$ cat target.cif   # mmCIF, C-alpha atoms and all ligand atoms
data_upload
loop_
_atom_site.label_atom_id
_atom_site.label_comp_id
_atom_site.auth_asym_id
_atom_site.auth_seq_id
_atom_site.Cartn_x
_atom_site.Cartn_y
_atom_site.Cartn_z
CA MET F 1 31.09 14.61 -14.31
CA SER F 2 27.47 15.31 -15.19
CA ARG F 3 25.19 16.59 -12.48
CA PRO F 4 22.71 14.12 -10.88
CA VAL F 5 19.16 13.92 -12.23
CA ARG F 6 16.58 15.14 -9.72
CA ILE F 7 12.97 14.18 -10.14
CA LEU F 8 10.01 15.49 -8.16
CA GLY F 9 7.29 12.87 -7.54
CA VAL F 10 3.69 13.88 -6.86
CA GLU F 11 1.26 11.38 -5.30
CA THR F 12 -2.41 12.15 -4.57
CA SER F 13 -4.21 8.91 -5.45
CA CYS F 14 -5.96 8.52 -2.08
CA ASP F 15 -5.82 10.47 1.20
CA GLU F 16 -2.08 11.22 1.35
CA THR F 17 -0.81 14.40 -0.29
CA ALA F 18 2.79 13.45 -0.97
CA VAL F 19 5.75 14.97 -2.76
CA GLY F 20 9.15 13.30 -2.91
CA CYS F 21 12.43 14.26 -4.44
CA VAL F 22 14.82 11.55 -5.66
CA GLU F 23 18.28 11.82 -7.21
CA ASP F 24 19.30 9.42 -9.98
CA GLY F 25 16.30 7.20 -9.24
CA ARG F 26 17.67 5.95 -5.92
CA ARG F 27 18.79 8.63 -3.48
CA VAL F 28 15.76 9.92 -1.57
CA LEU F 29 16.40 13.60 -0.84
CA ALA F 30 12.91 14.26 0.56
CA ASN F 31 9.67 12.40 1.12
CA ALA F 32 7.07 14.86 2.45
CA VAL F 33 3.55 13.67 3.28
CA ALA F 34 0.41 15.32 4.65
CA SER F 35 -2.51 13.10 5.42
CA SER F 36 -6.19 13.97 5.71
CA LEU F 37 -6.62 10.85 7.87
CA GLU F 38 -7.95 12.71 10.93
CA LEU F 39 -10.81 14.14 8.85
CA HIS F 40 -11.77 10.69 7.51
CA ARG F 41 -11.52 8.93 10.88
CA PRO F 42 -15.08 9.76 12.07
CA TYR F 43 -16.46 8.10 8.91
CA GLY F 44 -14.38 4.92 9.27
CA GLY F 45 -12.98 5.22 5.75
CA VAL F 46 -11.74 7.68 3.13
CA ILE F 47 -14.32 10.20 1.89
CA PRO F 48 -13.22 11.06 -1.69
CA GLU F 49 -14.51 14.63 -1.61
CA ILE F 50 -12.63 15.41 1.62
CA ALA F 51 -9.43 13.83 0.27
CA ALA F 52 -9.56 15.90 -2.94
CA ARG F 53 -10.29 19.12 -1.04
CA LEU F 54 -7.33 18.55 1.28
CA HIS F 55 -5.02 17.86 -1.66
CA VAL F 56 -5.94 21.28 -3.09
CA GLU F 57 -5.30 22.97 0.24
CA THR F 58 -2.01 21.29 1.11
CA ILE F 59 -0.21 20.30 -2.09
CA TRP F 60 1.78 23.48 -2.48
CA ASP F 61 2.94 23.40 1.18
CA VAL F 62 3.93 19.74 0.89
CA CYS F 63 5.90 20.50 -2.28
CA ALA F 64 7.64 23.45 -0.59
CA GLN F 65 8.45 21.23 2.39
CA ALA F 66 9.98 18.57 0.13
CA LEU F 67 12.13 21.17 -1.65
CA THR F 68 13.30 22.65 1.67
CA THR F 69 14.25 19.20 3.01
CA ALA F 70 16.07 18.37 -0.24
CA GLU F 71 17.78 21.80 -0.11
CA LEU F 72 16.70 22.45 -3.68
CA THR F 73 14.65 25.05 -5.52
CA LEU F 74 12.15 24.28 -8.29
CA GLU F 75 14.80 25.34 -10.82
CA ASP F 76 16.96 22.36 -9.72
CA ILE F 77 14.24 19.85 -10.71
CA ASP F 78 14.84 18.01 -13.99
CA ALA F 79 11.42 16.34 -14.42
CA VAL F 80 8.05 16.07 -12.69
CA ALA F 81 6.56 12.61 -12.18
CA VAL F 82 2.95 12.13 -11.10
CA THR F 83 0.61 9.26 -10.27
CA HIS F 84 -2.20 9.30 -12.85
CA GLY F 85 -3.92 6.09 -11.70
CA PRO F 86 -5.25 3.93 -10.21
CA GLY F 87 -6.93 5.89 -7.44
CA LEU F 88 -9.80 8.19 -6.50
CA PRO F 89 -10.77 10.23 -9.59
CA GLY F 90 -11.03 13.62 -7.88
CA ALA F 91 -7.90 13.06 -5.82
CA LEU F 92 -5.83 12.03 -8.85
CA LEU F 93 -6.97 15.13 -10.76
CA ILE F 94 -5.38 17.46 -8.20
CA GLY F 95 -1.95 15.82 -8.41
CA VAL F 96 -2.01 15.61 -12.20
CA ALA F 97 -3.12 19.25 -12.58
CA PHE F 98 -0.43 20.38 -10.11
CA ALA F 99 2.31 18.36 -11.83
CA LYS F 100 1.28 19.66 -15.28
CA GLY F 101 1.40 23.22 -13.95
CA LEU F 102 4.92 22.70 -12.60
CA ALA F 103 6.12 21.01 -15.78
CA VAL F 104 4.80 23.86 -17.96
CA ALA F 105 6.05 26.62 -15.67
CA LEU F 106 9.53 25.09 -15.38
CA GLY F 107 9.76 23.82 -18.96
CA ARG F 108 10.55 20.30 -17.70
CA PRO F 109 9.25 16.90 -18.87
CA LEU F 110 6.14 15.40 -17.32
CA LEU F 111 6.22 11.66 -16.43
CA ALA F 112 3.03 9.61 -15.91
CA VAL F 113 3.32 6.94 -13.21
CA ASP F 114 1.17 3.91 -12.42
CA HIS F 115 0.62 3.82 -8.64
CA LEU F 116 1.00 0.03 -8.34
CA ALA F 117 4.16 0.01 -10.43
CA ALA F 118 5.55 2.71 -8.13
CA HIS F 119 4.78 0.56 -5.05
CA LEU F 120 6.82 -2.28 -6.57
CA HIS F 121 9.58 0.04 -7.77
CA ALA F 122 10.18 0.94 -4.11
CA GLY F 123 11.81 -2.53 -3.94
CA GLN F 124 14.37 -1.54 -6.56
CA MET F 125 15.06 1.70 -4.70
CA THR F 126 15.67 -0.36 -1.54
CA GLU F 127 17.92 -3.02 -3.09
CA PRO F 128 20.05 -1.49 -5.83
CA SER F 129 21.23 -4.94 -6.96
CA LEU F 130 17.67 -6.04 -7.71
CA GLU F 131 17.08 -6.80 -11.40
CA PRO F 132 13.83 -7.90 -13.10
CA PRO F 133 12.33 -10.37 -13.64
CA TYR F 134 10.91 -10.91 -10.18
CA VAL F 135 7.57 -11.72 -8.56
CA GLY F 136 5.74 -8.64 -7.26
CA LEU F 137 3.12 -8.72 -4.53
CA VAL F 138 1.12 -5.50 -4.16
CA VAL F 139 -0.81 -5.30 -0.91
CA SER F 140 -2.59 -2.02 -0.29
CA GLY F 141 -5.91 -0.52 0.72
CA GLY F 142 -7.22 -0.67 -2.82
CA HIS F 143 -5.35 -3.60 -4.42
CA THR F 144 -4.04 -7.08 -3.82
CA LEU F 145 -2.24 -8.62 -6.75
CA LEU F 146 0.57 -10.91 -7.78
CA CYS F 147 2.54 -10.24 -10.94
CA VAL F 148 5.81 -10.81 -12.71
CA VAL F 149 7.80 -7.63 -13.19
CA HIS F 150 9.70 -8.16 -16.45
CA GLY F 151 11.00 -4.59 -16.50
CA GLU F 152 9.76 -1.02 -16.20
CA GLY F 153 6.34 -0.89 -17.86
CA ARG F 154 6.30 -4.64 -18.51
CA TYR F 155 4.11 -6.52 -16.06
CA GLU F 156 2.28 -9.82 -16.24
CA VAL F 157 -0.56 -10.06 -13.73
CA LEU F 158 -0.78 -13.58 -12.25
CA GLY F 159 -3.64 -13.11 -9.81
CA GLU F 160 -5.74 -10.46 -8.09
CA THR F 161 -8.32 -10.19 -5.38
CA ARG F 162 -11.80 -11.17 -6.48
CA ASP F 163 -13.41 -8.95 -3.85
CA ASP F 164 -11.88 -6.87 -1.03
CA ALA F 165 -8.25 -5.75 -1.07
CA VAL F 166 -6.30 -7.08 1.92
CA GLY F 167 -5.78 -3.58 3.39
CA GLU F 168 -9.51 -2.98 3.08
CA ALA F 169 -10.11 -6.23 5.00
CA PHE F 170 -7.72 -5.08 7.77
CA ASP F 171 -9.61 -1.76 7.92
CA LYS F 172 -13.07 -3.37 7.98
CA VAL F 173 -12.13 -5.93 10.64
CA ALA F 174 -10.65 -3.15 12.79
CA LYS F 175 -13.89 -1.19 12.44
CA LEU F 176 -15.85 -4.27 13.49
CA LEU F 177 -13.65 -4.61 16.57
CA GLY F 178 -14.11 -0.92 17.39
CA LEU F 179 -10.42 -0.15 16.77
CA GLY F 180 -10.87 2.87 14.49
CA TYR F 181 -9.43 3.77 11.11
CA PRO F 182 -7.06 2.87 9.50
CA GLY F 183 -7.10 -0.65 10.86
CA GLY F 184 -3.88 -2.14 9.51
CA PRO F 185 -1.41 -0.56 11.93
CA VAL F 186 -3.62 -1.15 15.00
CA ILE F 187 -4.33 -4.80 14.13
CA ASP F 188 -0.59 -5.27 13.55
CA ARG F 189 0.14 -3.79 17.01
CA LEU F 190 -2.65 -5.58 18.92
CA SER F 191 -1.93 -8.96 17.33
CA ALA F 192 1.39 -9.08 19.17
CA GLN F 193 -0.60 -9.45 22.41
CA GLY F 194 -3.12 -11.91 20.99
CA GLN F 195 -3.10 -15.64 20.39
CA ALA F 196 -4.14 -16.47 16.84
CA ALA F 197 -4.67 -20.15 17.71
CA ARG F 198 -7.56 -19.24 20.06
CA VAL F 199 -9.64 -17.98 17.12
CA THR F 200 -10.19 -20.46 14.33
CA LEU F 201 -10.96 -18.71 11.06
CA PRO F 202 -11.04 -20.10 7.52
CA LYS F 203 -7.90 -19.58 5.43
CA PRO F 204 -9.35 -17.83 2.39
CA HIS F 205 -7.90 -20.07 -0.33
CA ILE F 206 -9.07 -20.17 -3.91
CA LYS F 207 -7.78 -23.51 -5.11
CA GLU F 208 -5.22 -23.58 -7.94
CA ALA F 209 -5.64 -19.94 -9.04
CA LEU F 210 -3.28 -17.22 -7.83
CA ASP F 211 -6.28 -15.02 -7.08
CA PHE F 212 -7.25 -13.89 -3.58
CA SER F 213 -10.54 -13.44 -1.76
CA PHE F 214 -10.86 -11.70 1.60
CA SER F 215 -14.58 -11.00 1.95
CA GLY F 216 -15.32 -14.51 3.31
CA LEU F 217 -12.65 -14.08 6.00
CA LYS F 218 -14.14 -10.71 6.95
CA THR F 219 -17.60 -12.31 7.23
CA ALA F 220 -16.16 -15.14 9.35
CA VAL F 221 -14.70 -12.54 11.75
CA TYR F 222 -18.09 -10.82 11.89
CA GLN F 223 -19.83 -14.12 12.71
CA TYR F 224 -17.22 -15.01 15.34
CA VAL F 225 -17.57 -11.61 17.02
CA SER F 226 -21.39 -11.69 16.94
CA LYS F 227 -21.42 -15.15 18.51
CA ALA F 228 -18.88 -14.22 21.15
CA GLN F 229 -20.86 -11.08 22.03
CA ALA F 230 -24.13 -12.97 22.23
CA THR F 231 -22.72 -15.58 24.61
CA ALA F 232 -20.61 -13.21 26.73
CA GLU F 233 -21.86 -12.32 30.20
CA PRO F 234 -21.82 -8.56 30.68
CA HIS F 235 -20.10 -8.06 34.05
CA ALA F 236 -21.86 -4.82 34.68
CA GLU F 237 -24.38 -2.49 33.09
CA ASP F 238 -21.67 -0.12 31.85
CA ARG F 239 -19.92 -2.93 29.96
CA GLU F 240 -22.83 -3.23 27.60
CA GLY F 241 -22.12 -2.09 24.02
CA ALA F 242 -24.26 0.38 22.09
CA ASP F 243 -26.03 -2.49 20.33
CA GLY F 244 -27.03 -4.08 23.65
CA HIS F 245 -24.40 -6.83 23.32
CA ALA F 246 -21.56 -7.29 25.75
CA PRO F 247 -18.37 -5.96 24.17
CA LEU F 248 -15.43 -8.30 23.80
CA GLY F 249 -12.77 -8.13 26.46
CA GLU F 250 -9.36 -6.66 25.62
CA GLN F 251 -7.66 -10.06 25.36
CA GLN F 252 -10.44 -11.42 23.18
CA VAL F 253 -10.11 -8.46 20.79
CA ALA F 254 -6.36 -9.06 20.57
CA ASP F 255 -6.98 -12.76 19.89
CA VAL F 256 -9.47 -12.01 17.08
CA ALA F 257 -7.06 -9.45 15.57
CA ALA F 258 -4.24 -12.02 15.67
CA GLY F 259 -6.46 -14.77 14.23
CA PHE F 260 -7.57 -12.57 11.36
CA GLN F 261 -4.05 -11.33 10.66
CA GLU F 262 -2.65 -14.86 10.66
CA ALA F 263 -5.27 -16.07 8.18
CA ALA F 264 -4.74 -13.08 5.85
CA VAL F 265 -0.94 -13.27 6.01
CA SER F 266 -0.93 -17.06 5.47
CA VAL F 267 -2.76 -16.76 2.18
CA LEU F 268 -0.56 -13.90 0.96
CA VAL F 269 2.60 -15.87 1.71
CA SER F 270 1.42 -19.21 0.33
CA LYS F 271 0.12 -17.73 -2.96
CA THR F 272 3.35 -15.78 -3.44
CA LEU F 273 5.46 -18.89 -2.87
CA LYS F 274 3.23 -20.71 -5.35
CA ALA F 275 3.80 -17.90 -7.88
CA CYS F 276 7.57 -18.39 -7.52
CA GLN F 277 7.17 -22.12 -8.02
CA ARG F 278 5.08 -21.60 -11.18
CA THR F 279 7.31 -18.96 -12.73
CA GLY F 280 10.65 -20.36 -11.59
CA LEU F 281 11.59 -16.92 -10.22
CA SER F 282 13.46 -16.65 -6.94
CA THR F 283 13.10 -12.98 -6.02
CA ILE F 284 10.00 -11.40 -4.52
CA VAL F 285 9.23 -7.71 -3.96
CA VAL F 286 6.39 -6.79 -1.61
CA GLY F 287 4.94 -3.28 -1.89
CA GLY F 288 1.98 -1.21 -0.64
CA GLY F 289 0.79 -0.17 2.81
CA VAL F 290 0.18 -3.71 4.10
CA ALA F 291 3.87 -4.47 3.42
CA CYS F 292 4.49 -2.56 6.69
CA ASN F 293 2.86 -5.47 8.51
CA ARG F 294 5.32 -7.11 10.90
CA ARG F 295 3.75 -10.56 10.80
CA LEU F 296 3.81 -10.58 6.97
CA ARG F 297 7.51 -9.68 7.07
CA ALA F 298 8.20 -12.34 9.72
CA ARG F 299 6.35 -15.09 7.84
CA PHE F 300 8.26 -14.41 4.62
CA ALA F 301 11.51 -14.34 6.60
CA GLU F 302 10.61 -17.72 8.14
CA GLU F 303 9.56 -19.45 4.92
CA ALA F 304 11.62 -18.00 2.08
CA PRO F 305 15.16 -19.14 2.99
CA ALA F 306 14.28 -22.86 2.94
CA LYS F 307 13.02 -22.37 -0.63
CA HIS F 308 16.09 -20.30 -1.61
CA LEU F 309 13.94 -17.24 -2.22
CA ARG F 310 14.98 -13.65 -1.64
CA VAL F 311 12.28 -11.29 -0.37
CA VAL F 312 12.63 -7.52 -0.60
CA PHE F 313 10.53 -5.29 1.63
CA PRO F 314 10.98 -1.52 1.23
CA PRO F 315 11.21 0.46 4.50
CA PRO F 316 7.75 1.47 5.84
CA ALA F 317 8.04 5.08 4.55
CA LEU F 318 8.38 3.67 0.99
CA CYS F 319 5.56 1.10 1.51
CA VAL F 320 2.71 3.47 2.36
CA ASP F 321 1.66 6.00 -0.28
CA ASN F 322 4.54 8.41 -0.84
CA GLY F 323 6.04 10.73 -3.42
CA ALA F 324 9.57 9.26 -3.39
CA MET F 325 8.44 6.03 -5.05
CA VAL F 326 6.79 8.10 -7.80
CA ALA F 327 9.95 10.16 -8.30
CA GLY F 328 12.02 6.94 -8.21
CA ILE F 329 10.15 5.19 -11.01
CA GLY F 330 10.19 8.45 -12.97
CA PHE F 331 13.94 8.00 -13.53
CA PRO F 332 13.75 4.96 -15.85
CA LEU F 333 10.76 6.56 -17.61
CA LEU F 334 12.87 9.65 -18.29
CA GLN F 335 15.85 7.56 -19.40
CA GLN F 336 13.60 5.66 -21.82
CA GLY F 337 12.18 8.94 -23.15
CA ARG F 338 8.68 8.04 -22.08
CA ILE F 339 7.52 11.62 -21.62
CA ALA F 340 3.81 12.21 -20.96
CA PRO F 341 1.85 14.67 -23.08
CA LEU F 342 0.56 17.81 -21.41
CA ASP F 343 -3.00 16.68 -22.12
CA LEU F 344 -2.37 13.64 -19.88
CA VAL F 345 -5.64 12.43 -18.36
CA THR F 346 -6.14 10.58 -15.10
CA ASP F 347 -6.83 6.85 -15.34
CA PRO F 348 -8.58 5.88 -12.06
CA SER F 349 -9.04 2.20 -12.90
CA ARG F 350 -5.74 1.39 -14.61
CA CYS F 351 -3.81 -1.57 -13.24
CA LEU F 352 -0.14 -2.03 -14.13
CA THR F 353 -0.55 -1.27 -17.83
O1 LIG F 401 -0.58 1.63 -0.11
P1 LIG F 401 -1.42 2.35 0.87
O2 LIG F 401 -0.75 3.38 1.75
O3 LIG F 401 -2.62 3.06 0.15
C1 LIG F 401 -3.29 2.46 -0.93
O4 LIG F 401 -2.72 2.49 -2.06
O5 LIG F 401 -4.37 1.91 -0.68
O6 LIG F 401 -2.13 1.23 1.78
C2 LIG F 401 -3.01 1.59 2.80
C3 LIG F 401 -3.45 0.33 3.52
C4 LIG F 401 -4.55 0.58 4.55
O7 LIG F 401 -5.58 -0.36 4.33
C5 LIG F 401 -3.84 0.32 5.88
O8 LIG F 401 -4.71 -0.19 6.88
C6 LIG F 401 -2.80 -0.70 5.47
O9 LIG F 401 -2.33 -0.24 4.23
N1 LIG F 401 -1.68 -0.80 6.42
C7 LIG F 401 -1.39 -1.92 7.13
C8 LIG F 401 -0.30 -1.60 7.96
N2 LIG F 401 0.05 -0.30 7.74
C9 LIG F 401 -0.81 0.17 6.78
N3 LIG F 401 -1.95 -3.16 7.11
C10 LIG F 401 -1.45 -4.08 7.94
N4 LIG F 401 -0.43 -3.85 8.79
C11 LIG F 401 0.18 -2.65 8.83
N5 LIG F 401 1.20 -2.42 9.67
ZN ZN F 402 -0.84 2.76 -2.44
#

$ encode --input "target.cif" --output "structure tokens"
Amino acid sequence: MSRPVRILGVETSCDETAVGCVEDGRRVLANAVASSLELHRPYGGVIPEIAARLHVETIWDVCAQALTTAELTLEDIDAVAVTHGPGLPGALLIGVAFAKGLAVALGRPLLAVDHLAAHLHAGQMTEPSLEPPYVGLVVSGGHTLLCVVHGEGRYEVLGETRDDAVGEAFDKVAKLLGLGYPGGPVIDRLSAQGQAARVTLPKPHIKEALDFSFSGLKTAVYQYVSKAQATAEPHAEDREGADGHAPLGEQQVADVAAGFQEAAVSVLVSKTLKACQRTGLSTIVVGGGVACNRRLRARFAEEAPAKHLRVVFPPPALCVDNGAMVAGIGFPLLQQGRIAPLDLVTDPSRCLT
């Protein structure tokens, strides 16, 4: 029996420095991540220069951690896969340079991975029986798109966001509500205590097209919050916000979070169901950080069965940026002989090509 193929996956497209190790494209042996989140928090968003600097400082340790967890040495690695786009230019450069160095030093093939394709491939790692074609929904901090996955490297984009990505909208609304960064997980948590029906917000629908738009929803939240602050009675001097307005009460913040989340999730679900109707496909894979969202998962679970649709959500550790998904998609690339040249360049604005 031949020995399993072990691929190391390197991911540095944003603020996570991640290295995963996957056997035969499916078995996750390690998924190590270091995040520079704490350093970005005071700024309310990712600062590219800080992210790149932290990748340089931590990538070797993260790689060593992944190898230790996988109980492997570098010699046991058969190929090195790396995200070369889309992402922050400086951040991508660190991962690509590191992966090239490993590939040269070890004499192993280098595999170039598209970050969005890797997010969707996490679905195939989760459900081994999953076969293309299927509808893919990528929901992350930088992207929101619907596509048909015909096979590895063969994607047909059906619709994209025309402005903010949905994760970006979660983050900006959280900032507006004074909930810190990143906003997705905290809005997800707070919404469970809120009542979406108390806050009427527009459902951001672009008629007919499978495109998305989230900036209008974000503005509607801003207007709702400004109005609520202006009309609120501050109970005491110390309840006054820095801008002189009364801050929203805890329940009101939870209600706004739930109202926003419901509007965003509704449009993601309805457009995806429409994509299935148009393409005649009955399987959906949801990938990217926002795929961790519990309400998004619940809404698909509520609506898909009646339409005989199967929805695959990877586990949260494979939804957020991680190295295992990069190593996982490296396996079919290696099998197909799609080896990257050692003069591989980063491609910060690529999108499933
Ligand atoms: O895929 P990802 O880790 O990085 C990018 O490729 O952008 O996605 C990060 C995004 C952030 O905007 C974060 O707020 C969002 O995913 N996110 C969530 C949740 N967990 C992470 N959004 C909503 N609900 C969550 N539970
Ligand atoms: Zn991502």

$ residues_near_ligand --input "target.cif" --ligand "ligand ZN 402 (chain F)" --cutoff "7 Å" --atoms "only C-alpha atoms and all ligand atoms" --output "list in words"
His115, Leu116, His119, Ser140, Gly141, Gly288, Gly289, Val320 and Asp321 of chain F

$ closest_residue --input "target.cif" --among "F:Leu342, F:Leu309, F:Ala174, F:Val267" --to "ligand LIG 401 (chain F)" --atoms "only C-alpha atoms and all ligand atoms"
F:Ala174

$ residues_near_ligand --input "target.cif" --ligand "ligand LIG 401 (chain F)" --cutoff "8 Å" --atoms "only C-alpha atoms and all ligand atoms" --output "ChimeraX atom specification"
/F:13-14,16,87,115-116,119,139-143,166-171,181-189,287-294,319-322

$ residues_around --input "target.cif" --residues "stretch 299-307 of chain F" --least-positions-apart "6" --cutoff "12 Å" --atoms "all atoms listed in the file" --output "count of residues only"
27

$ closest_residue --input "target.cif" --among "F:Val82, F:Leu176, F:Ala66, F:Leu296" --to "F:Gly101" --atoms "only C-alpha atoms"
F:Val82

$ atom_distance --input "target.cif" --atom1 "atom CA of F:Ile77" --atom2 "atom CA of F:Pro315"
24.8 Å

$ atom_distance --input "target.cif" --atom1 "atom CA of F:Ala254" --atom2 "atom CA of F:Arg295"
14.1 Å

$ atom_distance --input "target.cif" --atom1 "atom CA of F:Gly95" --atom2 "atom CA of F:Asn31"
15.4 Å

$ residues_near_point --input "target.cif" --point "(7.8, -11.2, -11.0)" --cutoff "7 Å" --atoms "all atoms listed in the file" --output "ChimeraX atom specification"
/F:133-136,147-150,281,284

$ closest_residue --input "target.cif" --among "F:Leu92, F:Ala32, F:Val113, F:Ala97" --to "F:Ala64" --atoms "only C-alpha atoms"
F:Ala32

$ build_atoms --input "target.cif" --residues "stretch 280-299 of chain F" --atoms "N, CA, C and O atoms" --output "mmCIF file, in the frame of the given file"
data_model
loop_
_atom_site.group_PDB
_atom_site.id
_atom_site.type_symbol
_atom_site.label_atom_id
_atom_site.label_comp_id
_atom_site.auth_asym_id
_atom_site.auth_seq_id
_atom_site.Cartn_x
_atom_site.Cartn_y
_atom_site.Cartn_z
ATOM 1 N N GLY F 280 9.232 -20.025 -11.696
ATOM 2 C CA GLY F 280 10.650 -20.360 -11.590
ATOM 3 C C GLY F 280 11.494 -19.176 -11.123
ATOM 4 O O GLY F 280 12.724 -19.239 -11.157
ATOM 5 N N LEU F 281 10.845 -18.097 -10.678
ATOM 6 C CA LEU F 281 11.590 -16.920 -10.220
ATOM 7 C C LEU F 281 11.923 -17.039 -8.732
ATOM 8 O O LEU F 281 11.168 -17.645 -7.971
ATOM 9 N N SER F 282 13.037 -16.463 -8.336
ATOM 10 C CA SER F 282 13.460 -16.650 -6.940
ATOM 11 C C SER F 282 13.574 -15.342 -6.164
ATOM 12 O O SER F 282 14.068 -15.322 -5.045
ATOM 13 N N THR F 283 13.094 -14.251 -6.759
ATOM 14 C CA THR F 283 13.100 -12.980 -6.020
ATOM 15 C C THR F 283 11.670 -12.441 -5.949
ATOM 16 O O THR F 283 10.927 -12.495 -6.931
ATOM 17 N N ILE F 284 11.347 -11.933 -4.764
ATOM 18 C CA ILE F 284 10.000 -11.400 -4.520
ATOM 19 C C ILE F 284 10.142 -9.958 -4.014
ATOM 20 O O ILE F 284 10.995 -9.691 -3.162
ATOM 21 N N VAL F 285 9.296 -9.060 -4.526
ATOM 22 C CA VAL F 285 9.230 -7.710 -3.960
ATOM 23 C C VAL F 285 7.818 -7.514 -3.431
ATOM 24 O O VAL F 285 6.841 -7.812 -4.128
ATOM 25 N N VAL F 286 7.709 -7.053 -2.194
ATOM 26 C CA VAL F 286 6.390 -6.790 -1.610
ATOM 27 C C VAL F 286 6.240 -5.278 -1.451
ATOM 28 O O VAL F 286 7.116 -4.621 -0.870
ATOM 29 N N GLY F 287 5.155 -4.719 -1.976
ATOM 30 C CA GLY F 287 4.940 -3.280 -1.890
ATOM 31 C C GLY F 287 3.525 -2.929 -1.491
ATOM 32 O O GLY F 287 2.625 -3.768 -1.545
ATOM 33 N N GLY F 288 3.308 -1.664 -1.073
ATOM 34 C CA GLY F 288 1.980 -1.210 -0.640
ATOM 35 C C GLY F 288 1.918 -1.124 0.881
ATOM 36 O O GLY F 288 2.760 -1.707 1.579
ATOM 37 N N GLY F 289 0.900 -0.432 1.373
ATOM 38 C CA GLY F 289 0.790 -0.170 2.810
ATOM 39 C C GLY F 289 0.847 -1.391 3.706
ATOM 40 O O GLY F 289 1.455 -1.372 4.779
ATOM 41 N N VAL F 290 0.228 -2.508 3.258
ATOM 42 C CA VAL F 290 0.180 -3.710 4.100
ATOM 43 C C VAL F 290 1.579 -4.361 4.209
ATOM 44 O O VAL F 290 1.828 -5.163 5.111
ATOM 45 N N ALA F 291 2.489 -3.957 3.326
ATOM 46 C CA ALA F 291 3.870 -4.470 3.420
ATOM 47 C C ALA F 291 4.572 -3.962 4.682
ATOM 48 O O ALA F 291 5.644 -4.450 5.038
ATOM 49 N N CYS F 292 3.945 -3.002 5.383
ATOM 50 C CA CYS F 292 4.490 -2.560 6.690
ATOM 51 C C CYS F 292 4.249 -3.630 7.749
ATOM 52 O O CYS F 292 4.886 -3.618 8.805
ATOM 53 N N ASN F 293 3.306 -4.536 7.485
ATOM 54 C CA ASN F 293 2.860 -5.470 8.510
ATOM 55 C C ASN F 293 3.996 -6.376 9.013
ATOM 56 O O ASN F 293 4.661 -7.055 8.237
ATOM 57 N N ARG F 294 4.174 -6.381 10.330
ATOM 58 C CA ARG F 294 5.320 -7.110 10.900
ATOM 59 C C ARG F 294 5.175 -8.614 10.795
ATOM 60 O O ARG F 294 6.144 -9.338 10.616
ATOM 61 N N ARG F 295 3.942 -9.115 10.900
ATOM 62 C CA ARG F 295 3.750 -10.560 10.800
ATOM 63 C C ARG F 295 3.986 -11.032 9.350
ATOM 64 O O ARG F 295 4.548 -12.112 9.133
ATOM 65 N N LEU F 296 3.579 -10.236 8.378
ATOM 66 C CA LEU F 296 3.810 -10.580 6.970
ATOM 67 C C LEU F 296 5.318 -10.654 6.714
ATOM 68 O O LEU F 296 5.815 -11.596 6.084
ATOM 69 N N ARG F 297 6.053 -9.679 7.241
ATOM 70 C CA ARG F 297 7.510 -9.680 7.070
ATOM 71 C C ARG F 297 8.128 -10.898 7.758
ATOM 72 O O ARG F 297 9.016 -11.554 7.193
ATOM 73 N N ALA F 298 7.632 -11.211 8.958
ATOM 74 C CA ALA F 298 8.200 -12.340 9.720
ATOM 75 C C ALA F 298 7.919 -13.666 9.014
ATOM 76 O O ALA F 298 8.798 -14.534 8.928
ATOM 77 N N ARG F 299 6.708 -13.818 8.494
ATOM 78 C CA ARG F 299 6.350 -15.090 7.840
ATOM 79 C C ARG F 299 7.190 -15.312 6.575
ATOM 80 O O ARG F 299 7.637 -16.419 6.315
#
